[in-house]
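**Student:** Sharing structure_10.txt here; it has compact mmCIF, C-alpha atoms and all ligand atoms.
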# COMPACT_ATOMS: atom_id res chain seq x y z
CA MET N 1 81.11 110.27 96.51
CA ARG N 2 81.12 113.87 95.47
CA ALA N 3 84.04 114.65 93.23
CA LEU N 4 85.93 117.72 94.30
CA ARG N 5 85.97 120.38 91.63
CA ARG N 6 89.13 120.69 89.71
CA ARG N 7 90.87 123.98 90.12
CA THR N 8 88.93 126.30 87.82
CA ALA N 9 90.17 129.41 86.12
CA ALA N 10 87.93 131.40 88.47
CA ALA N 11 89.42 129.74 91.52
CA LEU N 12 92.91 130.43 90.23
CA SER N 13 92.25 134.12 89.76
CA VAL N 14 90.65 134.30 93.21
CA THR N 15 93.78 132.74 94.67
CA ALA N 16 96.00 135.17 92.86
CA CYS N 17 93.94 138.16 94.01
CA LEU N 18 93.88 137.06 97.62
CA LEU N 19 97.62 136.69 97.64
CA ALA N 20 97.97 140.16 96.20
CA PHE N 21 96.01 141.89 98.97
CA PRO N 22 97.82 142.07 102.30
CA ALA N 23 95.61 141.75 105.36
CA PRO N 24 94.44 145.12 106.64
CA GLN N 25 95.59 145.80 110.18
CA SER N 26 93.21 148.51 111.29
CA ALA N 27 92.61 149.09 114.99
CA ALA N 28 88.94 148.35 114.35
CA GLU N 29 89.78 144.94 112.98
CA GLN N 30 92.09 144.20 115.86
CA ARG N 31 89.32 145.09 118.29
CA GLN N 32 86.95 142.83 116.42
CA THR N 33 89.30 139.88 116.56
CA THR N 34 90.02 139.72 120.28
CA SER N 35 89.87 136.22 121.65
CA GLU N 36 86.28 136.69 122.76
CA GLY N 37 85.38 138.06 119.36
CA PRO N 38 85.27 135.89 116.27
CA GLU N 39 84.63 132.64 118.10
CA ARG N 40 81.39 133.83 119.65
CA ALA N 41 78.53 132.21 117.83
CA SER N 42 76.72 135.52 117.85
CA SER N 43 79.51 137.57 116.28
CA GLY N 44 81.20 137.30 112.91
CA THR N 45 78.87 136.67 110.03
CA VAL N 46 78.48 133.30 108.36
CA TYR N 47 78.45 133.27 104.57
CA ARG N 48 77.77 130.59 102.01
CA VAL N 49 80.50 130.61 99.36
CA THR N 50 80.02 128.51 96.22
CA ASP N 51 82.51 127.26 93.64
CA THR N 52 85.42 126.76 96.03
CA ASP N 53 88.18 124.18 95.90
CA GLY N 54 91.05 123.29 98.25
CA SER N 55 93.25 126.14 97.11
CA THR N 56 90.50 128.77 97.34
CA ARG N 57 89.65 127.57 100.83
CA THR N 58 93.29 127.71 101.86
CA GLU N 59 93.36 131.33 100.68
CA ILE N 60 90.12 132.10 102.51
CA GLN N 61 91.68 130.81 105.74
CA ARG N 62 94.74 132.97 105.10
CA THR N 63 92.64 136.12 105.39
CA GLY N 64 91.82 135.02 108.93
CA ALA N 65 88.28 133.98 108.03
CA LEU N 66 87.30 130.49 109.16
CA VAL N 67 85.98 127.73 106.92
CA LEU N 68 83.27 126.11 109.06
CA SER N 69 82.18 123.37 106.69
CA VAL N 70 82.59 122.14 103.15
CA SER N 71 80.08 120.18 101.13
CA GLY N 72 80.98 119.60 97.50
CA ASP N 73 82.26 122.98 96.31
CA THR N 74 80.15 124.99 98.77
CA ALA N 75 81.81 126.30 101.91
CA PHE N 76 80.36 128.06 104.95
CA VAL N 77 82.76 130.76 106.05
CA GLN N 78 82.74 132.90 109.18
CA ALA N 79 84.22 136.31 108.51
CA ASN N 80 84.29 139.75 110.07
CA GLY N 81 83.56 142.88 108.06
CA SER N 82 87.02 143.51 106.67
CA GLN N 83 87.65 139.85 105.93
CA ALA N 84 84.38 139.64 104.02
CA GLU N 85 85.34 142.76 102.11
CA ARG N 86 88.67 141.25 101.10
CA LEU N 87 87.03 138.03 99.97
CA ARG N 88 84.52 139.96 97.88
CA SER N 89 87.15 142.14 96.29
CA ALA N 90 89.03 138.97 95.41
CA GLY N 91 86.00 137.94 93.37
CA LEU N 92 84.26 135.47 95.67
CA ALA N 93 80.48 135.49 95.86
CA LEU N 94 79.55 135.72 99.53
CA GLU N 95 75.95 135.08 100.34
CA ARG N 96 74.85 135.70 103.90
CA ALA N 97 73.78 132.34 105.35
CA SER N 98 70.32 132.31 106.85
CA ALA N 99 70.21 133.32 110.49
CA THR N 100 70.73 130.57 113.05
CA THR N 101 68.06 127.97 113.47
CA GLY N 102 68.19 128.71 117.18
CA ARG N 103 70.31 125.69 118.02
CA SER N 104 73.20 127.84 119.17
CA SER N 105 70.95 129.62 121.61
CA ARG N 106 70.66 127.49 124.71
CA GLY N 107 67.81 129.09 126.46
CA PRO N 108 67.77 128.69 130.23
CA ALA N 109 70.43 126.28 131.48
CA ALA N 110 72.30 125.88 134.71
CA PRO N 111 75.70 127.57 134.31
CA GLY N 112 78.26 125.02 133.19
CA ASP N 113 75.66 122.54 132.03
CA PHE N 114 74.07 121.70 128.72
CA PRO N 115 70.54 123.05 128.38
CA ALA N 116 67.77 120.62 129.30
CA GLU N 117 66.97 119.94 125.65
CA ASP N 118 70.59 118.81 125.08
CA SER N 119 71.08 117.04 128.39
CA ASP N 120 72.24 113.79 126.76
CA TYR N 121 75.54 115.49 125.92
CA HIS N 122 78.19 114.86 128.58
CA THR N 123 79.75 117.70 130.50
CA TYR N 124 83.38 117.22 131.54
CA SER N 125 82.37 115.88 134.94
CA GLU N 126 79.67 113.62 133.49
CA MET N 127 82.29 112.23 131.12
CA LEU N 128 84.58 111.47 134.07
CA THR N 129 81.73 109.64 135.81
CA GLU N 130 81.07 107.63 132.65
CA LEU N 131 84.71 106.48 132.56
CA ASP N 132 84.70 105.56 136.25
CA GLU N 133 81.51 103.55 135.80
CA ALA N 134 82.90 101.69 132.80
CA ALA N 135 86.02 100.85 134.82
CA SER N 136 84.06 99.61 137.82
CA GLN N 137 81.53 97.64 135.75
CA HIS N 138 84.20 96.04 133.55
CA PRO N 139 87.35 95.90 135.69
CA ASP N 140 89.00 93.17 133.61
CA ILE N 141 88.76 94.97 130.29
CA VAL N 142 88.82 98.67 131.23
CA ASP N 143 91.80 100.48 132.69
CA ARG N 144 91.15 104.08 133.64
CA THR N 145 94.27 106.19 133.26
CA SER N 146 95.41 109.70 132.47
CA ALA N 147 96.99 111.42 129.49
CA GLY N 148 98.02 114.52 131.45
CA ARG N 149 96.60 117.92 132.37
CA SER N 150 95.12 120.91 130.60
CA ALA N 151 96.26 124.54 130.90
CA GLU N 152 93.73 125.12 133.69
CA GLY N 153 94.84 121.94 135.45
CA ARG N 154 92.02 119.61 134.47
CA GLU N 155 92.89 115.99 134.05
CA ILE N 156 92.79 114.70 130.48
CA PRO N 157 91.58 111.16 131.10
CA ALA N 158 92.31 108.13 128.97
CA VAL N 159 90.89 104.63 129.10
CA LYS N 160 92.33 101.41 127.78
CA ILE N 161 90.02 98.63 126.63
CA SER N 162 91.50 95.14 126.28
CA ASP N 163 91.48 91.75 127.93
CA ASN N 164 93.79 91.95 130.94
CA ALA N 165 93.55 95.72 130.63
CA GLY N 166 95.91 96.21 133.54
CA SER N 167 98.84 94.58 131.74
CA ASP N 168 100.66 95.68 128.64
CA GLU N 169 100.31 92.76 126.25
CA ALA N 170 101.78 92.23 122.80
CA GLU N 171 98.67 93.34 120.91
CA PRO N 172 98.31 96.05 118.27
CA GLU N 173 97.25 99.30 119.91
CA VAL N 174 94.71 101.74 118.46
CA LEU N 175 93.95 105.29 119.61
CA PHE N 176 90.79 107.37 119.42
CA THR N 177 90.93 111.06 120.36
CA CYS N 178 88.03 113.50 120.56
CA ASN N 179 87.20 117.13 121.29
CA GLN N 180 90.47 118.87 120.40
CA HIS N 181 88.10 121.65 119.37
CA ALA N 182 85.90 122.74 122.24
CA ARG N 183 82.59 123.29 120.48
CA GLU N 184 82.67 119.90 118.73
CA HIS N 185 80.66 118.23 121.50
CA LEU N 186 79.36 115.38 119.35
CA THR N 187 82.92 114.02 119.22
CA ALA N 188 83.16 113.35 122.97
CA GLU N 189 79.95 111.36 122.53
CA MET N 190 81.69 109.45 119.74
CA CYS N 191 84.57 108.46 122.02
CA LEU N 192 82.15 107.49 124.79
CA HIS N 193 80.21 105.44 122.26
CA VAL N 194 83.38 103.52 121.31
CA LEU N 195 83.97 102.82 125.00
CA LYS N 196 80.40 101.61 125.53
CA ARG N 197 80.35 99.51 122.40
CA TYR N 198 83.52 97.59 123.20
CA THR N 199 82.64 97.06 126.85
CA ASP N 200 78.86 96.46 127.01
CA ASN N 201 78.99 94.00 124.07
CA TYR N 202 82.03 92.12 125.34
CA GLY N 203 81.22 88.46 125.84
CA SER N 204 77.96 88.61 123.89
CA ASP N 205 79.14 89.81 120.45
CA GLN N 206 81.88 87.62 119.00
CA ALA N 207 83.45 90.25 116.72
CA ILE N 208 83.61 92.74 119.58
CA SER N 209 85.07 90.16 121.96
CA ASP N 210 87.72 89.21 119.40
CA MET N 211 88.79 92.83 119.00
CA VAL N 212 88.91 93.48 122.74
CA ASP N 213 90.97 90.30 123.19
CA GLY N 214 93.25 90.98 120.25
CA ARG N 215 93.85 94.74 120.54
CA GLU N 216 94.59 97.41 123.11
CA ILE N 217 92.13 100.23 122.43
CA TRP N 218 92.95 103.66 123.89
CA VAL N 219 90.26 106.34 124.12
CA ILE N 220 90.86 109.99 125.06
CA PRO N 221 87.37 111.52 125.01
CA MET N 222 88.25 115.19 125.76
CA VAL N 223 91.62 116.48 124.65
CA ASN N 224 90.50 120.06 125.39
CA PRO N 225 88.46 119.97 128.62
CA ASP N 226 89.02 123.66 129.46
CA GLY N 227 87.57 124.71 126.13
CA VAL N 228 84.60 122.38 126.55
CA VAL N 229 83.81 123.76 130.01
CA HIS N 230 84.14 127.30 128.67
CA ASP N 231 81.87 126.68 125.68
CA ILE N 232 78.92 125.89 127.94
CA SER N 233 79.67 128.48 130.63
CA GLY N 234 77.41 131.19 129.25
CA SER N 235 73.73 131.60 128.63
CA ASP N 236 74.33 130.69 124.97
CA TYR N 237 76.78 128.23 123.50
CA LEU N 238 79.92 130.29 122.92
CA GLY N 239 81.10 128.67 119.70
CA TRP N 240 84.57 128.26 121.29
CA ARG N 241 87.26 126.36 119.37
CA ARG N 242 90.65 126.74 121.04
CA ASN N 243 92.09 125.93 124.46
CA ARG N 244 91.96 128.42 127.37
CA GLU N 245 95.51 129.75 127.67
CA SER N 246 95.73 133.53 127.96
CA ASN N 247 96.50 133.51 124.25
CA PRO N 248 94.21 130.63 123.29
CA VAL N 249 95.78 128.09 120.95
CA ASP N 250 94.16 126.07 118.19
CA LEU N 251 95.37 122.67 119.36
CA ASN N 252 95.09 121.22 115.87
CA ARG N 253 97.73 123.69 114.65
CA ASN N 254 100.11 123.12 117.59
CA TRP N 255 101.53 119.66 116.74
CA GLY N 256 105.20 119.35 115.94
CA HIS N 257 105.51 118.11 112.37
CA LYS N 258 106.18 121.03 110.01
CA TRP N 259 104.62 123.31 112.63
CA GLY N 260 103.75 126.69 111.11
CA CYS N 261 105.48 125.80 107.86
CA CYS N 262 103.06 126.49 105.13
CA GLY N 263 100.40 129.11 105.74
CA GLY N 264 98.04 126.50 107.18
CA SER N 265 97.83 128.19 110.58
CA SER N 266 98.09 131.69 112.00
CA GLY N 267 100.81 133.41 114.03
CA ASP N 268 98.27 135.99 115.22
CA PRO N 269 97.13 135.25 118.80
CA ASN N 270 93.74 136.73 117.88
CA SER N 271 93.12 134.22 115.10
CA SER N 272 90.96 131.15 115.66
CA THR N 273 93.72 129.11 114.01
CA TYR N 274 96.52 130.51 116.19
CA ARG N 275 99.30 127.93 116.24
CA GLY N 276 100.86 129.03 119.56
CA PRO N 277 104.38 130.40 120.19
CA GLU N 278 106.03 127.05 119.46
CA ALA N 279 105.15 123.47 118.64
CA PHE N 280 103.58 121.68 121.62
CA SER N 281 103.39 124.91 123.61
CA ALA N 282 99.87 123.90 124.70
CA PRO N 283 99.73 121.57 127.72
CA GLU N 284 96.97 119.59 125.99
CA THR N 285 98.97 118.70 122.86
CA ALA N 286 102.11 118.14 124.94
CA SER N 287 100.14 115.73 127.15
CA VAL N 288 98.81 113.67 124.27
CA ARG N 289 102.26 113.74 122.60
CA ASP N 290 103.86 112.41 125.79
CA PHE N 291 101.20 109.74 126.05
CA VAL N 292 101.79 108.60 122.46
CA ASP N 293 105.59 108.76 122.92
CA SER N 294 105.15 106.56 126.02
CA ARG N 295 103.70 103.81 123.82
CA VAL N 296 107.10 103.23 122.25
CA VAL N 297 108.15 99.92 123.79
CA ASP N 298 111.59 98.48 123.03
CA GLY N 299 111.97 100.98 120.22
CA THR N 300 108.65 100.16 118.56
CA GLN N 301 105.56 102.37 118.62
CA GLN N 302 102.72 100.12 119.73
CA ILE N 303 99.91 102.30 118.35
CA THR N 304 99.40 101.54 114.68
CA ALA N 305 96.14 103.36 113.89
CA HIS N 306 94.31 106.46 115.09
CA ILE N 307 91.20 108.52 114.46
CA ASP N 308 90.86 112.10 115.70
CA PHE N 309 87.17 112.98 115.68
CA HIS N 310 85.96 116.47 114.73
CA THR N 311 82.75 118.08 113.55
CA PHE N 312 81.56 118.79 110.96
CA SER N 313 81.21 118.17 107.18
CA GLU N 314 81.05 114.35 107.05
CA LEU N 315 84.56 113.75 105.77
CA VAL N 316 87.29 111.15 106.15
CA LEU N 317 90.68 112.90 105.92
CA TRP N 318 94.23 111.59 105.78
CA PRO N 319 97.71 113.18 105.82
CA TYR N 320 99.50 115.18 104.81
CA GLY N 321 97.67 118.38 105.62
CA TYR N 322 100.63 120.71 105.21
CA THR N 323 101.09 120.01 101.52
CA THR N 324 98.80 119.35 98.60
CA GLU N 325 101.31 116.83 97.25
CA ASP N 326 100.26 113.20 97.70
CA ASN N 327 103.86 112.19 98.24
CA ALA N 328 106.26 114.10 100.45
CA PRO N 329 109.09 113.11 102.81
CA GLY N 330 107.80 110.19 104.85
CA MET N 331 104.89 109.39 102.52
CA THR N 332 105.69 106.99 99.69
CA ARG N 333 103.30 106.18 96.88
CA GLU N 334 102.51 102.86 98.54
CA GLU N 335 101.86 104.50 101.90
CA TYR N 336 99.63 107.15 100.34
CA ARG N 337 97.72 104.37 98.54
CA ARG N 338 97.22 102.57 101.84
CA PHE N 339 95.80 105.73 103.44
CA ALA N 340 93.53 106.39 100.48
CA ASP N 341 92.32 102.79 100.21
CA LEU N 342 91.60 102.58 103.91
CA GLY N 343 90.01 106.04 104.01
CA GLU N 344 87.80 105.18 101.05
CA ALA N 345 86.83 101.84 102.57
CA MET N 346 85.81 103.50 105.83
CA ALA N 347 83.94 106.27 104.02
CA ALA N 348 81.99 103.68 102.04
CA THR N 349 80.48 102.50 105.34
CA ASN N 350 79.39 105.84 106.80
CA GLY N 351 78.64 107.85 103.67
CA TYR N 352 81.32 110.46 104.41
CA THR N 353 83.45 111.94 101.64
CA PRO N 354 87.07 110.72 101.64
CA MET N 355 89.98 113.00 100.70
CA GLN N 356 93.50 114.01 101.62
CA SER N 357 93.14 116.64 104.34
CA SER N 358 94.83 119.37 102.26
CA ASP N 359 92.06 118.93 99.67
CA LEU N 360 89.80 120.51 102.31
CA TYR N 361 92.34 123.28 102.98
CA VAL N 362 95.99 123.33 103.95
CA THR N 363 96.68 122.91 107.67
CA ASP N 364 100.07 122.75 109.32
CA GLY N 365 100.63 121.48 112.84
CA SER N 366 97.68 119.08 112.72
CA VAL N 367 97.61 115.91 114.77
CA ASN N 368 97.53 113.54 111.79
CA ASP N 369 100.73 114.84 110.21
CA TRP N 370 102.62 114.38 113.48
CA MET N 371 101.18 110.93 114.25
CA TRP N 372 102.19 109.67 110.83
CA ALA N 373 105.52 111.46 110.33
CA GLU N 374 106.78 110.86 113.86
CA HIS N 375 105.30 107.45 114.67
CA ASP N 376 104.08 105.82 111.42
CA ILE N 377 100.57 105.74 112.89
CA LEU N 378 97.78 105.42 110.31
CA SER N 379 96.10 108.60 111.49
CA PHE N 380 92.78 109.91 110.16
CA THR N 381 90.49 112.83 110.92
CA PHE N 382 86.76 112.14 110.80
CA GLU N 383 84.58 115.21 110.42
CA MET N 384 81.21 114.05 111.75
CA TYR N 385 77.61 115.16 111.22
CA PRO N 386 76.17 117.38 109.85
CA ASP N 387 77.46 117.59 106.28
CA SER N 388 77.01 121.32 105.92
CA GLY N 389 75.96 124.49 107.70
CA GLY N 390 77.10 127.44 109.81
CA ILE N 391 77.79 127.71 113.55
CA ASP N 392 74.66 125.71 114.35
CA GLY N 393 76.38 122.72 112.75
CA PHE N 394 78.42 122.44 115.94
CA TYR N 395 75.27 122.07 118.04
CA PRO N 396 73.08 119.29 116.67
CA PRO N 397 70.28 118.29 119.06
CA ASP N 398 71.12 115.42 121.39
CA GLU N 399 68.52 113.27 119.61
CA VAL N 400 71.09 112.62 116.85
CA ILE N 401 73.85 111.33 119.15
CA GLN N 402 72.95 107.65 118.94
CA ARG N 403 72.46 107.64 115.17
CA GLU N 404 75.54 109.69 114.35
CA THR N 405 77.93 107.84 116.65
CA SER N 406 76.81 104.34 115.68
CA ARG N 407 77.09 105.48 112.06
CA ASN N 408 80.86 105.05 112.50
CA ASP N 409 80.75 101.54 113.99
CA GLU N 410 81.73 99.79 110.80
CA ALA N 411 84.51 102.28 110.04
CA VAL N 412 85.92 101.82 113.54
CA SER N 413 85.81 98.03 113.05
CA ILE N 414 87.70 98.39 109.77
CA LEU N 415 90.40 100.48 111.45
CA LEU N 416 90.76 98.00 114.31
CA ASP N 417 91.06 95.21 111.81
CA GLU N 418 93.67 97.09 109.76
CA SER N 419 95.68 97.90 112.88
CA GLY N 420 96.70 94.25 113.07
CA ARG N 421 98.08 94.14 109.51
O1 LIG N 501 90.66 122.72 110.70
C1 LIG N 501 90.71 121.70 111.40
O2 LIG N 501 91.47 121.56 112.35
C2 LIG N 501 89.75 120.54 111.07
N1 LIG N 501 88.44 121.05 110.74
S1 LIG N 501 87.51 121.70 111.92
O3 LIG N 501 86.35 122.28 111.28
N2 LIG N 501 86.98 120.54 112.88
O4 LIG N 501 88.28 122.62 112.66
C3 LIG N 501 90.28 119.81 109.87
C4 LIG N 501 91.67 119.33 110.00
C5 LIG N 501 92.01 118.47 108.84
N3 LIG N 501 93.37 118.59 108.49
C6 LIG N 501 94.27 117.71 108.94
N4 LIG N 501 93.91 116.74 109.71
N5 LIG N 501 95.52 117.86 108.57
CA CA N 502 66.92 116.99 123.04
CA CA N 503 95.02 92.54 126.24
CA CA N 504 100.84 96.49 124.23
ZN ZN N 505 87.67 120.40 114.77
Let me see the structure of the file written as C-alpha cells.

**Tutor:**
Amino acid sequence: MRALRRRTAAALSVTACLLAFPAPQSAAEQRQTTSEGPERASSGTVYRVTDTDGSTRTEIQRTGALVLSVSGDTAFVQANGSQAERLRSAGLALERASATTGRSSRGPAAPGDFPAEDSDYHTYSEMLTELDEAASQHPDIVDRTSAGRSAEGREIPAVKISDNAGSDEAEPEVLFTCNQHAREHLTAEMCLHVLKRYTDNYGSDQAISDMVDGREIWVIPMVNPDGVVHDISGSDYLGWRRNRESNPVDLNRNWGHKWGCCGGSSGDPNSSTYRGPEAFSAPETASVRDFVDSRVVDGTQQITAHIDFHTFSELVLWPYGYTTEDNAPGMTREEYRRFADLGEAMAATNGYTPMQSSDLYVTDGSVNDWMWAEHDILSFTFEMYPDSGGIDGFYPPDEVIQRETSRNDEAVSILLDESGR
C-alpha cells in the first residue's frame, strides 16, 4: 500500500494561497465553463500535478478544476486556462500531461453505440437486454425490478439475486450501484459481472450458491442512464460526468447528508461538481434514495452493505467524505475501525489503495455519507482501473473488462460475508 504523504509545508502554503485568491469570474471563463465545455474530453487541459495530498486536492477542486485521478501523491487535474493560472500562482507545479493515447477518440461508430473496437461495453439498451436474459434464464433466483426513472424518463433498472427471488425473505441484503458518473463505463460492466457471477455459477459453485441462498443481492447497473447515452452520442466519447437535466447535476454531490456543507461540491451550475439546487433534486438520486428507503421493513433497514463503483484510480474509499475527521456525528471510533478494517481487507485482495474518502479530497453530498448516516449501511466507493491517467483513463479498451471486473470478486465475497455479521 502506498502511504499518503503527510501534509507538507509546501502543501500547507499552497492551501493557504489558494484560499487567498478568489475565483475570477470573467465572461471568458464563464463561456469556457458552459455545460458542454469542461466535460468534453477534447477541451480543458489535463495536467500532472505532483506532491499533492488530500488538502491540496480539496483546494484544487475548489478552484473548479477537476481531479481526475490520484496515484500516490501525483494527481491528474483537468483545468481551463484561468484555473491553471490560479493553481500555478498558488505554487503548484503543473505539467501538461501527454496528449491522449487516442482512446477517447472513437473513430467511426454508429450514433449511440460504442465503437466497434469497444463493442463489448454495454449500451443502455444492451444492459436492459442482459437483465431480461438473466431473469428469463434464472427465474428462481433473479427478480427484475425498477429503481425509478431518470430526468429524461429512462427506467433505472434493478435486479435482485437470491433464492426465491420473488419473495422478501429474512436474509441480509446487499446493494451494488454503478455508473453514477456517465463516462465511467467500466462500472456498468462491473455490476453486470456481479449479476453473471452469482447467477451462472449458482448450483455449481458452493460458495456462490451459499451466498445466493443466504443473502438478497440488489444490483443497479446504471444509476445515470441519460448521461451514459449522452456520452456515446457523438463521434468521440464526450467525457460526460453528470446527469442530463438542463443544469446538469453531479449525482455524487446531490445526496442528502450534509449536502453542500463543506466546500466539497460546487453551487455553480457550470461546474462538473455542481451539487444541484437542493439535496435529491436529481430524479436519479431521488429514485435510488426511495429504493433504499423502501428496504426499511418493520423499522429495520434490510440493506447492511453497499459498494458504489466508479472509475478510476484503484482505490477503496469509506465515509465520511465531508470531513477529514475520522470520527464525526454518527461515526464512532469502533465504527470507523470496522470501515477501515473491512476496506483494508478488501483492498488486500484487489491491490487497490484503501483510505477514507476525504483523504482523496473532500466531497459533500456523496452517496456513501448518506447510506451510512441515514441507514447505517456499510457503504464503500471502489475506484476501478486504471490507477492513474487523464481523460483516457475513463475509456480503457474492452479487452480489460473481464480482468478488471473479476479482479473484485474476492472483495465482493468479503462484503457479502460481512453483510451477515
Ligand atoms: O468525486 C467523486 O465523486 C468520486 N471520484 S470520481 O473520479 N469517480 O468522480 C470519488 C468520491 C469519493 N468520495 C466519497 N465517496 N465520499
Ligand atoms: Ca476491443
Ligand atoms: Ca432468498
Ligand atoms: Ca429481505
Ligand atoms: Zn465517479

**Student:** So, counting all atoms listed in the file, which residue among N:Val70, N:Ser419, N:Asp298, N:Pro115 is closest to ligand CA 502 (chain N)?

**Tutor:**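 Going through N:Val70, N:Ser419, N:Asp298, N:Pro115 one by one, the smallest distance to ligand CA 502 (chain N) is for N:Pro115.
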
**Student:** Any idea what the distance is between CA of Gly299 in chain N and CA of Ile377 in chain N?

**Tutor:** 14.4 Å

**Student:** Report the closest atom pair, with its distance in Å rounded to one decimal, for each residue of chain N that has an atom no farther than 10 Å from ligand ZN 505 (chain N); count all atoms listed in the file, sort by chain and then rising residue number, and write it as a Markdown table.

**Tutor:**
| residue | atom | partner | partner_atom | distance |
| --- | --- | --- | --- | --- |
| N:Leu68 | CA | N:ZN505 | ZN | 9.2 |
| N:Cys178 | CA | N:ZN505 | ZN | 9.0 |
| N:Asn179 | CA | N:ZN505 | ZN | 7.3 |
| N:Gln180 | CA | N:ZN505 | ZN | 6.5 |
| N:His181 | CA | N:ZN505 | ZN | 4.8 |
| N:Ala182 | CA | N:ZN505 | ZN | 8.0 |
| N:Arg183 | CA | N:ZN505 | ZN | 8.2 |
| N:Glu184 | CA | N:ZN505 | ZN | 6.4 |
| N:His185 | CA | N:ZN505 | ZN | 10.0 |
| N:Thr187 | CA | N:ZN505 | ZN | 9.1 |
| N:Arg241 | CA | N:ZN505 | ZN | 7.5 |
| N:Arg242 | CA | N:ZN505 | ZN | 9.4 |
| N:Asp250 | CA | N:ZN505 | ZN | 9.3 |
| N:Leu251 | CA | N:ZN505 | ZN | 9.2 |
| N:Asn252 | CA | N:ZN505 | ZN | 7.5 |
| N:Asp308 | CA | N:ZN505 | ZN | 8.9 |
| N:Phe309 | CA | N:ZN505 | ZN | 7.5 |
| N:His310 | CA | N:ZN505 | ZN | 4.3 |
| N:Thr311 | CA | N:ZN505 | ZN | 5.6 |
| N:Phe312 | CA | N:ZN505 | ZN | 7.4 |
| N:Thr381 | CA | N:ZN505 | ZN | 8.9 |
| N:Phe382 | CA | N:ZN505 | ZN | 9.2 |
| N:Glu383 | CA | N:ZN505 | ZN | 7.4 |
| N:Met384 | CA | N:ZN505 | ZN | 9.5 |
| N:Phe394 | CA | N:ZN505 | ZN | 9.5 |

**Student:** Store the residues picked out above, limited to C-alpha atoms, as a tab-separated table (two decimals), keeping the file's coordinate frame.

**Tutor:**
chain	number	residue	atom	x	y	z
N	68	LEU	CA	83.27	126.11	109.06
N	178	CYS	CA	88.03	113.50	120.56
N	179	ASN	CA	87.20	117.13	121.29
N	180	GLN	CA	90.47	118.87	120.40
N	181	HIS	CA	88.10	121.65	119.37
N	182	ALA	CA	85.90	122.74	122.24
N	183	ARG	CA	82.59	123.29	120.48
N	184	GLU	CA	82.67	119.90	118.73
N	185	HIS	CA	80.66	118.23	121.50
N	187	THR	CA	82.92	114.02	119.22
N	241	ARG	CA	87.26	126.36	119.37
N	242	ARG	CA	90.65	126.74	121.04
N	250	ASP	CA	94.16	126.07	118.19
N	251	LEU	CA	95.37	122.67	119.36
N	252	ASN	CA	95.09	121.22	115.87
N	308	ASP	CA	90.86	112.10	115.70
N	309	PHE	CA	87.17	112.98	115.68
N	310	HIS	CA	85.96	116.47	114.73
N	311	THR	CA	82.75	118.08	113.55
N	312	PHE	CA	81.56	118.79	110.96
N	381	THR	CA	90.49	112.83	110.92
N	382	PHE	CA	86.76	112.14	110.80
N	383	GLU	CA	84.58	115.21	110.42
N	384	MET	CA	81.21	114.05	111.75
N	394	PHE	CA	78.42	122.44	115.94

**Student:** Looking at N:Ser379, N:Ser71, N:Thr50, N:Ser167, which one is nearest to ligand LIG 501 (chain N), with distances taken over only C-alpha atoms and all ligand atoms?

**Tutor:**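 Residue with the minimum atom-to-atom distance to ligand LIG 501 (chain N): N:Ser379.
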
**Student:** From the options N:Arg253, N:His138, N:Arg62, N:His230, which residue's atoms come nearest to Lys196 in chain N, counting all atoms listed in the file?

**Tutor:**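 Residue with the minimum atom-to-atom distance to Lys196 in chain N: N:His138.
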
**Student:** Residues contacting ligand CA 504 (chain N) - anything with an atom at most 6 Å away, using only C-alpha atoms and all ligand atoms - can you give me those as a list in words?

**Tutor:**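 My answer, listing the contacting residues, is Asp168, Glu169, Ala170 and Glu171 of chain N.
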
**Student:** Counting only C-alpha atoms, which of N:Glu173, N:Met346, N:Ser287, N:Ser265 gets nearest to Arg421 in chain N?

**Tutor:**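 Comparing N:Glu173, N:Met346, N:Ser287, N:Ser265 against Arg421 in chain N, the winner is N:Glu173.
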
**Student:** Please return as a list of chain:residue names the residues found within 9 Å of ligand CA 503 (chain N), counting all atoms listed in the file.

**Tutor:**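 What falls inside 9 Å of ligand CA 503 (chain N) is N:Ile141, N:Ile161, N:Ser162, N:Asp163, N:Asn164, N:Ala165, N:Gly166, N:Ser167, N:Asp168, N:Glu169, N:Ala170, N:Glu171, N:Val212, N:Asp213, N:Gly214, N:Arg215, N:Glu216.
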